[in-house]
Every structure is written in C-alpha cells, then in structure tokens.
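Content type mmCIF, C-alpha atoms, from the file target.cif:
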data_upload
#
loop_
_atom_site.label_atom_id
_atom_site.label_comp_id
_atom_site.auth_asym_id
_atom_site.auth_seq_id
_atom_site.Cartn_x
_atom_site.Cartn_y
_atom_site.Cartn_z
CA MET A 1 74.84 114.81 109.70
CA SER A 2 78.05 115.33 111.68
CA GLU A 3 81.10 113.48 110.48
CA GLU A 4 82.66 110.64 112.40
CA PRO A 5 85.88 111.66 114.14
CA LYS A 6 89.05 110.34 112.55
CA ILE A 7 91.91 109.11 114.70
CA LYS A 8 95.34 109.72 113.20
CA LYS A 9 96.22 106.25 111.92
CA GLU A 10 99.96 106.52 112.43
CA GLY A 11 99.61 107.89 115.92
CA ASN A 12 102.56 110.24 115.42
CA LEU A 13 100.65 113.22 116.77
CA MET A 14 98.02 111.39 118.79
CA LYS A 15 97.61 112.25 122.45
CA ILE A 16 96.15 109.48 124.63
CA LEU A 17 95.21 109.78 128.31
CA ILE A 18 95.30 106.60 130.39
CA THR A 19 93.66 106.88 133.81
CA GLY A 20 94.60 104.34 136.46
CA ASN A 21 97.81 103.54 134.59
CA MET A 22 99.70 102.66 137.79
CA GLY A 23 97.59 99.64 138.66
CA TYR A 24 97.75 95.99 137.65
CA ILE A 25 96.64 96.34 134.02
CA GLY A 26 97.96 99.84 133.32
CA PRO A 27 101.65 99.03 132.73
CA CYS A 28 100.72 96.42 130.13
CA VAL A 29 98.30 98.80 128.39
CA VAL A 30 100.90 101.57 128.27
CA ARG A 31 103.50 99.18 126.88
CA GLN A 32 101.09 98.02 124.16
CA LEU A 33 100.21 101.57 123.16
CA ARG A 34 103.83 102.69 123.22
CA THR A 35 104.71 99.84 120.83
CA SER A 36 101.75 100.46 118.51
CA TYR A 37 101.98 104.27 118.61
CA PRO A 38 105.69 105.05 119.11
CA GLY A 39 105.20 108.71 118.25
CA ALA A 40 102.12 109.28 120.37
CA THR A 41 102.03 111.39 123.51
CA LEU A 42 100.92 109.09 126.30
CA ILE A 43 99.66 110.73 129.48
CA GLY A 44 99.13 108.86 132.73
CA LEU A 45 96.79 109.92 135.53
CA ASP A 46 96.72 107.98 138.78
CA MET A 47 96.29 108.51 142.52
CA GLY A 48 99.33 106.35 143.19
CA TYR A 49 97.70 104.05 145.75
CA PHE A 50 99.72 101.11 144.42
CA ALA A 51 102.74 102.93 143.04
CA ASN A 52 105.14 101.07 145.32
CA CYS A 53 103.65 97.62 144.60
CA LEU A 54 106.27 96.80 141.98
CA THR A 55 106.94 93.20 141.00
CA ASN A 56 109.75 92.16 138.65
CA ALA A 57 109.81 95.56 137.00
CA GLU A 58 113.01 96.12 135.01
CA ILE A 59 112.17 99.81 134.80
CA LEU A 60 109.53 101.98 136.40
CA PRO A 61 106.54 101.30 134.11
CA GLU A 62 105.70 105.01 134.04
CA CYS A 63 108.90 105.61 132.07
CA ASN A 64 106.81 104.52 129.08
CA VAL A 65 104.47 107.53 129.36
CA ASP A 66 105.46 111.04 128.33
CA VAL A 67 103.75 112.77 131.25
CA GLN A 68 102.59 111.31 134.56
CA TYR A 69 100.04 113.12 136.71
CA PHE A 70 99.48 112.08 140.30
CA ALA A 71 95.90 113.23 140.61
CA ASP A 72 92.43 112.21 141.74
CA VAL A 73 90.26 111.17 138.79
CA ARG A 74 87.36 112.69 140.74
CA LYS A 75 88.99 116.10 140.20
CA CYS A 76 90.46 115.80 136.73
CA PRO A 77 91.28 119.34 135.54
CA LYS A 78 89.75 120.28 132.19
CA GLU A 79 93.02 121.68 130.88
CA LEU A 80 94.57 118.22 131.11
CA LEU A 81 92.19 117.12 128.33
CA THR A 82 93.32 119.76 125.84
CA GLY A 83 94.36 118.09 122.60
CA VAL A 84 93.61 114.58 123.86
CA GLU A 85 92.11 112.38 121.13
CA ALA A 86 91.41 109.22 123.14
CA ILE A 87 90.92 108.35 126.80
CA VAL A 88 91.50 104.87 128.17
CA HIS A 89 89.63 104.89 131.46
CA LEU A 90 91.00 102.21 133.78
CA ALA A 91 90.82 104.11 137.08
CA ALA A 92 88.48 102.36 139.51
CA ILE A 93 88.09 100.65 142.86
CA SER A 94 88.84 97.42 141.16
CA ASN A 95 87.27 94.42 142.86
CA ASP A 96 84.45 93.20 145.07
CA PRO A 97 86.30 93.13 148.44
CA MET A 98 87.37 96.76 148.04
CA GLY A 99 83.93 97.70 146.75
CA ASN A 100 82.26 96.08 149.74
CA THR A 101 84.58 97.84 152.19
CA PHE A 102 84.44 101.24 150.48
CA GLU A 103 80.98 101.08 148.93
CA GLU A 104 80.16 104.78 148.81
CA VAL A 105 83.62 105.63 147.50
CA THR A 106 83.29 102.91 144.87
CA TYR A 107 80.20 104.55 143.42
CA ASP A 108 81.87 107.95 143.58
CA ILE A 109 85.08 106.88 141.82
CA ASN A 110 83.78 104.17 139.51
CA TYR A 111 80.50 105.77 138.48
CA ASN A 112 80.20 109.48 139.25
CA SER A 113 83.75 110.41 138.29
CA SER A 114 83.61 108.30 135.12
CA ILE A 115 80.56 110.16 133.85
CA GLU A 116 81.99 113.53 134.85
CA LEU A 117 85.25 112.70 133.05
CA ALA A 118 83.35 111.64 129.94
CA ARG A 119 81.35 114.88 129.91
CA LYS A 120 84.49 116.98 130.30
CA ALA A 121 86.17 114.93 127.58
CA LYS A 122 83.33 115.47 125.14
CA GLU A 123 83.35 119.22 125.80
CA ALA A 124 87.13 119.26 125.22
CA GLY A 125 86.79 117.56 121.84
CA VAL A 126 88.06 114.10 122.79
CA LYS A 127 87.05 111.70 120.01
CA ARG A 128 87.21 108.28 121.68
CA PHE A 129 86.39 107.12 125.21
CA ILE A 130 87.31 103.55 126.15
CA PHE A 131 85.78 102.34 129.39
CA ALA A 132 87.11 99.28 131.23
CA SER A 133 83.87 97.56 132.17
CA SER A 134 83.34 94.03 133.46
CA CYS A 135 81.50 90.77 132.77
CA SER A 136 80.80 90.68 136.51
CA MET A 137 77.64 92.65 135.76
CA TYR A 138 76.04 89.34 134.69
CA GLY A 139 76.26 88.15 138.30
CA PHE A 140 74.59 84.75 138.43
CA ALA A 141 73.43 82.98 135.28
CA GLU A 142 72.91 79.25 134.89
CA ASP A 143 71.01 79.16 131.61
CA GLY A 144 73.84 79.43 129.10
CA PRO A 145 76.47 81.99 128.11
CA ARG A 146 75.56 85.66 128.55
CA THR A 147 75.45 87.88 125.48
CA GLU A 148 75.45 91.67 125.39
CA THR A 149 71.63 91.64 125.27
CA SER A 150 71.22 89.28 128.24
CA PRO A 151 69.67 90.62 131.46
CA LEU A 152 72.16 92.19 133.83
CA ASN A 153 72.31 90.96 137.40
CA PRO A 154 75.00 92.91 139.26
CA LEU A 155 75.46 91.53 142.77
CA THR A 156 78.13 93.85 144.20
CA ALA A 157 78.91 97.55 144.42
CA TYR A 158 81.72 97.05 141.90
CA ALA A 159 79.47 95.36 139.35
CA LYS A 160 76.64 97.85 139.89
CA SER A 161 79.03 100.75 139.34
CA LYS A 162 79.91 99.34 135.92
CA VAL A 163 76.24 98.94 134.98
CA TYR A 164 75.41 102.53 135.99
CA THR A 165 78.40 103.93 134.14
CA GLU A 166 77.58 102.09 130.93
CA ARG A 167 73.99 103.29 131.14
CA ASP A 168 74.97 106.94 131.36
CA LEU A 169 77.85 106.73 128.89
CA GLU A 170 75.40 105.55 126.26
CA LYS A 171 73.47 108.81 126.71
CA ILE A 172 76.60 110.87 126.09
CA ALA A 173 77.94 109.03 123.04
CA ASP A 174 77.45 110.38 119.53
CA ARG A 175 79.28 110.40 116.18
CA LYS A 176 81.81 112.92 117.50
CA PHE A 177 82.31 111.10 120.82
CA ILE A 178 82.54 107.36 120.24
CA VAL A 179 82.35 105.28 123.42
CA THR A 180 83.51 101.68 123.71
CA SER A 181 82.70 99.80 126.91
CA LEU A 182 84.84 96.69 127.08
CA ARG A 183 83.16 94.16 129.34
CA PHE A 184 86.33 92.37 130.34
CA SER A 185 86.57 88.84 131.63
CA THR A 186 88.39 88.29 134.93
CA ALA A 187 91.95 89.49 134.47
CA CYS A 188 94.98 87.26 134.97
CA GLY A 189 98.67 87.16 134.11
CA MET A 190 102.01 88.58 135.17
CA SER A 191 102.39 92.32 135.64
CA GLU A 192 104.92 94.84 136.89
CA ARG A 193 102.33 95.47 139.63
CA LEU A 194 101.03 91.96 140.23
CA ARG A 195 97.75 91.37 142.06
CA LEU A 196 97.04 88.06 143.75
CA ASP A 197 93.40 88.86 144.56
CA LEU A 198 92.37 87.33 141.22
CA VAL A 199 91.39 83.69 140.94
CA LEU A 200 94.06 82.29 138.62
CA ASN A 201 96.84 84.46 140.06
CA ASP A 202 95.80 83.28 143.54
CA PHE A 203 95.99 79.62 142.54
CA VAL A 204 99.45 79.94 140.97
CA ALA A 205 100.75 81.86 143.99
CA GLY A 206 99.51 79.14 146.33
CA ALA A 207 101.08 76.43 144.20
CA VAL A 208 104.44 78.22 144.05
CA ALA A 209 104.59 79.25 147.71
CA SER A 210 103.26 76.15 149.44
CA LYS A 211 102.34 73.50 146.86
CA LYS A 212 98.75 74.09 147.94
CA ILE A 213 95.75 75.54 146.13
CA THR A 214 92.89 76.51 148.41
CA ILE A 215 89.56 76.99 146.66
CA LEU A 216 87.33 79.08 148.90
CA SER A 217 84.16 77.99 147.06
CA ASP A 218 82.97 74.49 146.13
CA GLY A 219 84.80 74.90 142.81
CA THR A 220 81.71 74.87 140.59
CA PRO A 221 81.26 78.60 139.75
CA TRP A 222 81.98 79.60 136.17
CA ARG A 223 84.35 82.42 135.28
CA PRO A 224 85.56 83.78 131.96
CA LEU A 225 89.21 84.87 132.06
CA ILE A 226 91.51 87.01 129.93
CA ASN A 227 95.25 87.64 130.04
CA ILE A 228 96.15 91.29 130.63
CA LYS A 229 98.18 91.30 127.39
CA ASP A 230 95.02 90.52 125.48
CA MET A 231 93.14 93.18 127.44
CA ALA A 232 95.73 95.69 126.23
CA ARG A 233 95.29 94.56 122.62
CA ALA A 234 91.51 94.93 122.92
CA ILE A 235 92.00 98.48 124.18
CA GLU A 236 94.16 99.26 121.15
CA TRP A 237 91.33 98.00 118.93
CA ALA A 238 88.82 100.18 120.77
CA ILE A 239 90.96 103.26 120.13
CA LYS A 240 90.91 102.48 116.40
CA ARG A 241 87.28 101.35 116.22
CA GLU A 242 85.16 103.13 113.63
CA VAL A 243 81.52 103.98 114.28
CA THR A 244 80.56 101.50 111.56
CA ASP A 245 81.96 98.70 113.77
CA GLY A 246 79.45 98.69 116.58
CA GLY A 247 77.95 102.16 116.60
CA GLU A 248 78.44 105.38 118.55
CA PHE A 249 78.16 103.46 121.83
CA LEU A 250 79.29 99.86 122.03
CA ALA A 251 79.24 97.56 125.04
CA VAL A 252 81.00 94.33 124.11
CA ASN A 253 82.02 91.22 126.04
CA THR A 254 85.80 91.09 125.75
CA GLY A 255 87.50 87.74 125.95
CA SER A 256 87.32 84.33 124.33
CA ASN A 257 84.72 81.55 124.34
CA GLU A 258 87.55 79.08 125.03
CA TRP A 259 88.34 80.87 128.29
CA ASN A 260 85.10 80.03 130.13
CA TYR A 261 86.18 77.81 133.02
CA GLN A 262 84.84 76.43 136.25
CA VAL A 263 87.02 77.42 139.18
CA LYS A 264 88.01 73.81 139.90
CA ASP A 265 89.20 73.44 136.29
CA LEU A 266 91.55 76.39 136.76
CA ALA A 267 93.04 74.76 139.84
CA GLU A 268 93.55 71.51 137.97
CA ALA A 269 95.26 73.34 135.10
CA VAL A 270 97.70 74.93 137.55
CA ALA A 271 98.41 71.51 139.06
CA LYS A 272 99.33 70.17 135.62
CA VAL A 273 101.98 72.88 135.22
CA ILE A 274 103.24 72.79 138.82
CA PRO A 275 103.50 69.15 139.94
CA ASP A 276 102.77 67.71 143.39
CA VAL A 277 100.25 70.40 144.24
CA ASP A 278 97.47 69.61 146.68
CA ILE A 279 94.06 71.07 145.78
CA SER A 280 91.71 71.81 148.65
CA ILE A 281 88.05 72.47 147.88
CA ASN A 282 85.69 73.87 150.49
CA LYS A 283 82.76 71.52 149.91
CA ASN A 284 80.84 73.14 152.76
CA ALA A 285 81.09 76.64 151.33
CA GLN A 286 78.00 78.72 150.77
CA PRO A 287 77.09 78.78 147.09
CA ASP A 288 78.99 81.47 145.22
CA LYS A 289 76.33 83.58 143.54
CA ARG A 290 78.88 85.01 141.10
CA SER A 291 78.80 82.32 138.44
CA TYR A 292 78.39 83.01 134.75
CA ARG A 293 79.58 81.93 131.34
CA VAL A 294 79.91 84.54 128.61
CA SER A 295 79.61 84.58 124.83
CA PHE A 296 82.31 86.55 123.03
CA ASP A 297 80.92 86.07 119.54
CA LEU A 298 80.28 89.79 119.00
CA PHE A 299 83.86 90.71 119.90
CA LYS A 300 85.14 88.01 117.55
CA ASN A 301 83.03 89.39 114.71
CA LEU A 302 83.95 93.03 115.31
CA ALA A 303 87.64 92.60 116.10
CA PRO A 304 88.91 89.49 114.27
CA ASP A 305 92.50 90.80 114.26
CA TYR A 306 92.51 91.52 118.00
CA GLN A 307 91.35 88.21 119.41
CA PRO A 308 93.01 86.84 122.57
CA LYS A 309 96.28 85.09 121.77
CA VAL A 310 97.60 83.99 125.17
CA ASP A 311 96.27 80.62 126.33
CA LEU A 312 95.68 79.36 129.87
CA ILE A 313 98.78 77.17 130.17
CA THR A 314 101.07 79.92 128.87
CA THR A 315 99.55 82.34 131.39
CA ILE A 316 100.15 79.90 134.24
CA LYS A 317 103.76 79.34 133.15
CA GLU A 318 104.40 83.10 132.95
CA LEU A 319 102.96 83.63 136.43
CA LYS A 320 105.00 80.72 137.81
CA SER A 321 108.21 82.05 136.25
CA GLY A 322 107.55 85.59 137.45
CA LEU A 323 106.87 84.50 141.01
CA GLU A 324 109.95 82.27 141.08
CA VAL A 325 112.18 85.11 139.90
CA MET A 326 110.71 87.15 142.75
CA LYS A 327 111.66 84.27 145.10
CA PHE A 328 108.04 84.27 146.17
CA LYS A 329 107.53 82.12 149.30
CA ASP A 330 104.73 83.83 151.21
CA GLU A 331 102.20 81.15 152.16
CA ASP A 332 100.10 83.84 153.85
CA PHE A 333 99.92 86.00 150.72
CA ARG A 334 96.17 86.54 151.13
CA ASN A 335 97.06 88.82 154.02
CA SER A 336 99.87 90.56 152.18
CA GLN A 337 100.41 93.70 150.12
CA PHE A 338 99.69 91.64 146.99
CA MET A 339 96.01 92.06 147.87
CA ARG A 340 94.76 95.49 146.88
CA LEU A 341 92.35 95.80 149.82
CA LYS A 342 95.25 95.16 152.21
CA VAL A 343 97.18 98.04 150.66
CA LEU A 344 94.28 100.47 151.03
CA THR A 345 93.62 99.28 154.59
CA TYR A 346 97.28 99.80 155.49
CA LEU A 347 97.28 103.32 154.06
CA ARG A 348 94.06 104.10 155.94
CA ASN A 349 95.45 102.75 159.22
CA LYS A 350 98.61 104.84 158.81
CA GLY A 351 96.47 107.94 158.38
CA LEU A 352 97.68 108.50 154.82
CA LEU A 353 94.25 108.07 153.25
CA SER A 354 90.96 109.57 154.39
CA GLU A 355 87.72 107.60 154.61
CA LYS A 356 86.97 108.86 151.09
CA LEU A 357 90.36 107.53 149.91
CA THR A 358 91.90 110.94 149.33
CA TRP A 359 95.49 111.57 150.41
CA THR A 360 95.69 113.29 153.80
CA HIS A 361 99.27 114.54 153.41
CA ASN A 362 99.77 113.87 157.10
CA PRO A 363 102.81 116.03 158.06
CA GLU A 364 103.69 113.69 160.93
CA LEU A 365 104.46 110.95 158.41
CA ILE A 366 106.69 113.00 156.13
#
Kindly return the structure encoded in the file as structure tokens.
Amino acid sequence: MSEEPKIKKEGNLMKILITGNMGYIGPCVVRQLRTSYPGATLIGLDMGYFANCLTNAEILPECNVDVQYFADVRKCPKELLTGVEAIVHLAAISNDPMGNTFEEVTYDINYNSSIELARKAKEAGVKRFIFASSCSMYGFAEDGPRTETSPLNPLTAYAKSKVYTERDLEKIADRKFIVTSLRFSTACGMSERLRLDLVLNDFVAGAVASKKITILSDGTPWRPLINIKDMARAIEWAIKREVTDGGEFLAVNTGSNEWNYQVKDLAEAVAKVIPDVDISINKNAQPDKRSYRVSFDLFKNLAPDYQPKVDLITTIKELKSGLEVMKFKDEDFRNSQFMRLKVLTYLRNKGLLSEKLTWTHNPELI
C-alpha cells in the first residue's frame, strides 16, 4: 500500500499554488496562508480580468505572494507545478450571470481546465488539491437541509460545472493525491476586490448608497452563506487534511448550520444594522428555483477547529464600514464595475477579450 503524502507541518519549505488569486476571495485566502505559513512559497496564477477592481486595498494584495503569474489556467505550464505540494484551485467563471452569458467558456474554464490541471498536478507529484466547489449544485430542495449524499440538482452552467468537476476529480484522487472539494456556501464579506453581485453584499450596498434594499425575488428562497475569512480558514484546513479525515477524495459542505437564511431575513438583518432602510420585495417575481438549505454537520465533525467564526451582523458591519470608507454612493451599482459580468462585458466590448475570454492584446489599445 502506498503511503499517504505528508505536508510539511511548519510550512517553511512548502510551495502552494493559488489559482484565481486576483479575484474576490483570493486576497483573503493568500493573507490567511501567508499568516499560517510565513515561510512558505506562495505562487499566484490569474488571468487578471479583475486586477484593477481594487477596493480599500492598503497594498496590492499580490504583494503577499512570492511569485505572480498572469496566465490562463486553461494553459497552465507543467513546469510551474515543479515542487508544488498543494494547489488551491479558485480560478473559475464565478457566478450564474457570467455562466449564462459565457456558457461554453464556463465549462471550458471551470470543468475541463480543472481536470487537466489536476492531472498535470498529480503527474508532477503535487500532494493536495483543494477545489473551490459550491452548494449551488443542490439547486432546488424543499424537503430539508441537503447533505453530501443528497441528490444533486444543478440548474445553471456554473453549478453543473462544479458537479462535473467533482465527479472527475474523484476518479483521479488516491493516497498520493488527496483531493478536497469544498462545497462553499454563498460568499459574502469585505474584500480588497469587492463584488456586489452576491446577495448580502448587494443588500448592504443598496442600504449604504440609497437607504434602499431591492429584493429581486419574493424573498422566500433559502441560501446558506459564509464569510470569505471563514472560507480562507476552511482552505487552510483542507491543505492540512489527512486521508484519515474524509478519505482520498472528500466533497464536504463548507459553512455553518446557523448561516442558513431566507433572502428576506438577510435584508431585515441589514436593516437592523443600517437604520431607516426601505426594503422592497418583488411579490410578483417568478419563483426562484435556486432555493436550498444545507447541513454542515460533516464539516463540523471533520474540522472542529476550523468552524466559521464570523457572524452575520459582524459581516454586515464590516461591509458597511468598508463601503463608507470608499465613500460609496452609487445607487446604480448593479450596472457598475462592482458586478463581475459588467467587467467582462466591458473588456469584450473594448476588444480586449475574445469570445473565449482570452486576451486579444489589441495593439490599437496599447
């Protein structure tokens, strides 16, 4: 029997590759790993779509990595993986609106390139592969919280890409290549590259900018949420995870049972922190088929020391403070560069990105 790979506990010589490190979650993940593994070599790999979308950043977040590659994860060179012990794979077309607009590209980046990267990593001797998956793969579920063994019901290209990737990663995993698929709740919280195309972030932005929260649905859908700081801590756990804690391949719901909320409850929580806010619910909206509660019991059992610490009210207060420091006043923020689809659309319209979302290097724009 082959021995389980051992990660250097002190991290002094560890080399960790973080793909998609220049997005919304990446800066927080890099900061967490830099704190926990001060001697590690951290390598970033990102296309740079959102590199200029900085918000309240005291320093360029990439100053916390040792090497930054601006590269397409679809064409990750094998030599970049030499000596890497763990890969944190965040790179993806990261939400439903972008997935719907760029469906073919979503499957290519989120699914095909993820499996290709994992295969290259295994051949290169990488010991751990941490995949940022999503609870969105449960889709619509009214009959109680979803567990890891519940039927999957992906409703969008984004969710389907996560299901396909998990399926094929499981085939690759073994005792020398331990794969952890973290099925994250919906992300929220302040970041050096803030996104407002996330439900809680959207509500706080509306409250700060206009004292209005506009709920596009009827407010009844369920969503589990997680602060990006707690996502980063879960990723640290996954890097350390031994095969005895979940097996060679582990898909685990990542979040907290206390963070299952209906959308209207999130709006009301924001209104408690930011007074005199008007909440508008679209009672005539078509039913939102993305509604699910999730059980996080397995994650709690496997990672008791890495459970979410940041609560909902603290998250709202941090978002409010961050936006106020930015002097955020844009009431039309849903059509702004804080929405990731708007950024990609702008780059496409300027001729900087091809239809496959590769850089065109248009000489007329240099």
In terms of the shortest atom-to-atom distance over only C-alpha atoms, which of A:Ala234, A:Leu323, A:Leu194, A:Ile313 is closest to Lys300 (chain A)?
A:Ala234
Run the PyMOL selection byres ((chain A and resi 71-73) around 10) against the file shown and list the residues it catches, as a PDB file with C-alpha atoms, in the coordinates of the input.
ATOM      1  CA  THR A  19      93.660 106.880 133.810  1.00  0.00           C
ATOM      2  CA  GLY A  20      94.600 104.340 136.460  1.00  0.00           C
ATOM      3  CA  GLY A  44      99.130 108.860 132.730  1.00  0.00           C
ATOM      4  CA  LEU A  45      96.790 109.920 135.530  1.00  0.00           C
ATOM      5  CA  ASP A  46      96.720 107.980 138.780  1.00  0.00           C
ATOM      6  CA  MET A  47      96.290 108.510 142.520  1.00  0.00           C
ATOM      7  CA  GLY A  48      99.330 106.350 143.190  1.00  0.00           C
ATOM      8  CA  GLN A  68     102.590 111.310 134.560  1.00  0.00           C
ATOM      9  CA  TYR A  69     100.040 113.120 136.710  1.00  0.00           C
ATOM     10  CA  PHE A  70      99.480 112.080 140.300  1.00  0.00           C
ATOM     11  CA  ARG A  74      87.360 112.690 140.740  1.00  0.00           C
ATOM     12  CA  LYS A  75      88.990 116.100 140.200  1.00  0.00           C
ATOM     13  CA  CYS A  76      90.460 115.800 136.730  1.00  0.00           C
ATOM     14  CA  PRO A  77      91.280 119.340 135.540  1.00  0.00           C
ATOM     15  CA  HIS A  89      89.630 104.890 131.460  1.00  0.00           C
ATOM     16  CA  ALA A  91      90.820 104.110 137.080  1.00  0.00           C
ATOM     17  CA  ALA A  92      88.480 102.360 139.510  1.00  0.00           C
ATOM     18  CA  ILE A 109      85.080 106.880 141.820  1.00  0.00           C
ATOM     19  CA  ASN A 110      83.780 104.170 139.510  1.00  0.00           C
ATOM     20  CA  SER A 113      83.750 110.410 138.290  1.00  0.00           C
ATOM     21  CA  SER A 114      83.610 108.300 135.120  1.00  0.00           C
ATOM     22  CA  GLU A 116      81.990 113.530 134.850  1.00  0.00           C
ATOM     23  CA  LEU A 117      85.250 112.700 133.050  1.00  0.00           C
ATOM     24  CA  LEU A 357      90.360 107.530 149.910  1.00  0.00           C
ATOM     25  CA  THR A 358      91.900 110.940 149.330  1.00  0.00           C
ATOM     26  CA  TRP A 359      95.490 111.570 150.410  1.00  0.00           C
TER      27      TRP A 359
END
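Distances here use only C-alpha atoms; by that measure, the residue among A:Leu33, A:Leu152, A:Ala269, A:Ala121 closest to Ala207 (chain A) is A:Ala269.
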Can you list, as a short mmCIF file (atom, residue, chain, number, x, y, z; two decimals) with C-alpha atoms, keeping the file's coordinate frame, every protein, DNA or RNA residue that comes within 9 Å of Ala57 (chain A) when you count only C-alpha atoms, leaving out same-chain residues fewer than 5 positions away?
data_model
loop_
_atom_site.label_atom_id
_atom_site.label_comp_id
_atom_site.auth_asym_id
_atom_site.auth_seq_id
_atom_site.Cartn_x
_atom_site.Cartn_y
_atom_site.Cartn_z
CA SER A 191 102.39 92.32 135.64
CA GLU A 192 104.92 94.84 136.89
CA ARG A 193 102.33 95.47 139.63
#
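Using all atoms listed in the file, the nearest neighbour of Lys15 (chain A) within the list A:Ile239, A:Thr186, A:Arg175, A:Gly139 is A:Ile239.
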Apply the PyMOL selection byres ((chain A and resi 336-339) around 8) to the file shown and report the selected residues as a VMD selection string.
chain A and resid 53 194 to 197 332 to 335 340 to 343
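CA of Glu248 (chain A) is positioned 7.3 Å from CA of Phe177 (chain A).
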Across A:Ser150, A:Ser256, A:Ser210, A:Thr156, the smallest distance to Pro308 (chain A), with all atoms listed in the file counted, is shown by A:Ser256
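Take CA of Tyr292 (chain A) and CA of Gly189 (chain A): the distance between them is 20.7 Å.
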Report, in Å to a single decimal, how far apart CA of Phe296 (chain A) and CA of Val204 (chain A) are.
25.7 Å
Just so the selection is clear, what residues does the PyMOL selection byres ((chain A and resi 101) around 12) cover here, as a ChimeraX atom specification?
/A:93-100,102-107,156-158,340-342,344-345,348,355-357
Find the residues of region 196-258 of chain A that sit at most 7 Å from region 22-32 of chain A; for each, write down the nearest two atoms and how far apart they are in Å, to one decimal. Count all atoms listed in the file. Sort by chain, then by number going up, and give it as JSON lines.
{"residue": "A:Ile228", "atom": "CA", "partner": "A:Ile25", "partner_atom": "CA", "distance": 6.1}
{"residue": "A:Lys229", "atom": "CA", "partner": "A:Cys28", "partner_atom": "CA", "distance": 6.3}
{"residue": "A:Ala232", "atom": "CA", "partner": "A:Val29", "partner_atom": "CA", "distance": 4.6}
{"residue": "A:Arg233", "atom": "CA", "partner": "A:Gln32", "partner_atom": "CA", "distance": 6.9}
Quick one: everything within 8 Å of Ile226 (chain A), counting all atoms listed in the file, minus sequence neighbours fewer than 4 positions away in the same chain. Send it as an MDAnalysis selection string.
chainID A and resid 184:188 230:231 255:256 259 308
Non-local contacts of Asn301 (chain A) (12 Å; only C-alpha atoms; under 5 positions in same chain excluded) as a ChimeraX atom specification:
/A:245-246,252-254,256,295-296,306-307
Please provide the set of residues having any atom within 7 Å of Asn282 (chain A), restricted to all atoms listed in the file, with same-chain residues fewer than 6 positions apart removed, written as a PyMOL selection string.
chain A and resi 215-218
Output for the residues just chosen: C-alpha atoms as a PDB file, in the frame of the given file:
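Output file part_39.pdb follows:
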ATOM      1  CA  ILE A 215      89.560  76.990 146.660  1.00  0.00           C
ATOM      2  CA  LEU A 216      87.330  79.080 148.900  1.00  0.00           C
ATOM      3  CA  SER A 217      84.160  77.990 147.060  1.00  0.00           C
ATOM      4  CA  ASP A 218      82.970  74.490 146.130  1.00  0.00           C
TER       5      ASP A 218
END
Quick one: residues within 8 Å of (94.9, 71.8, 148.2) (file frame), counting all atoms listed in the file, please, as a PyMOL selection string.
chain A and resi 211-215+277-281
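Distances to Lys320 (chain A) were evaluated for A:Val294, A:Val163, A:Val273, A:Val84 using all atoms listed in the file, and the minimum falls at A:Val273.
Counting only C-alpha atoms, the residue from A:Val199, A:Leu347, A:Leu266, A:Leu312 that sits nearest to Phe50 (chain A) is A:Leu347.
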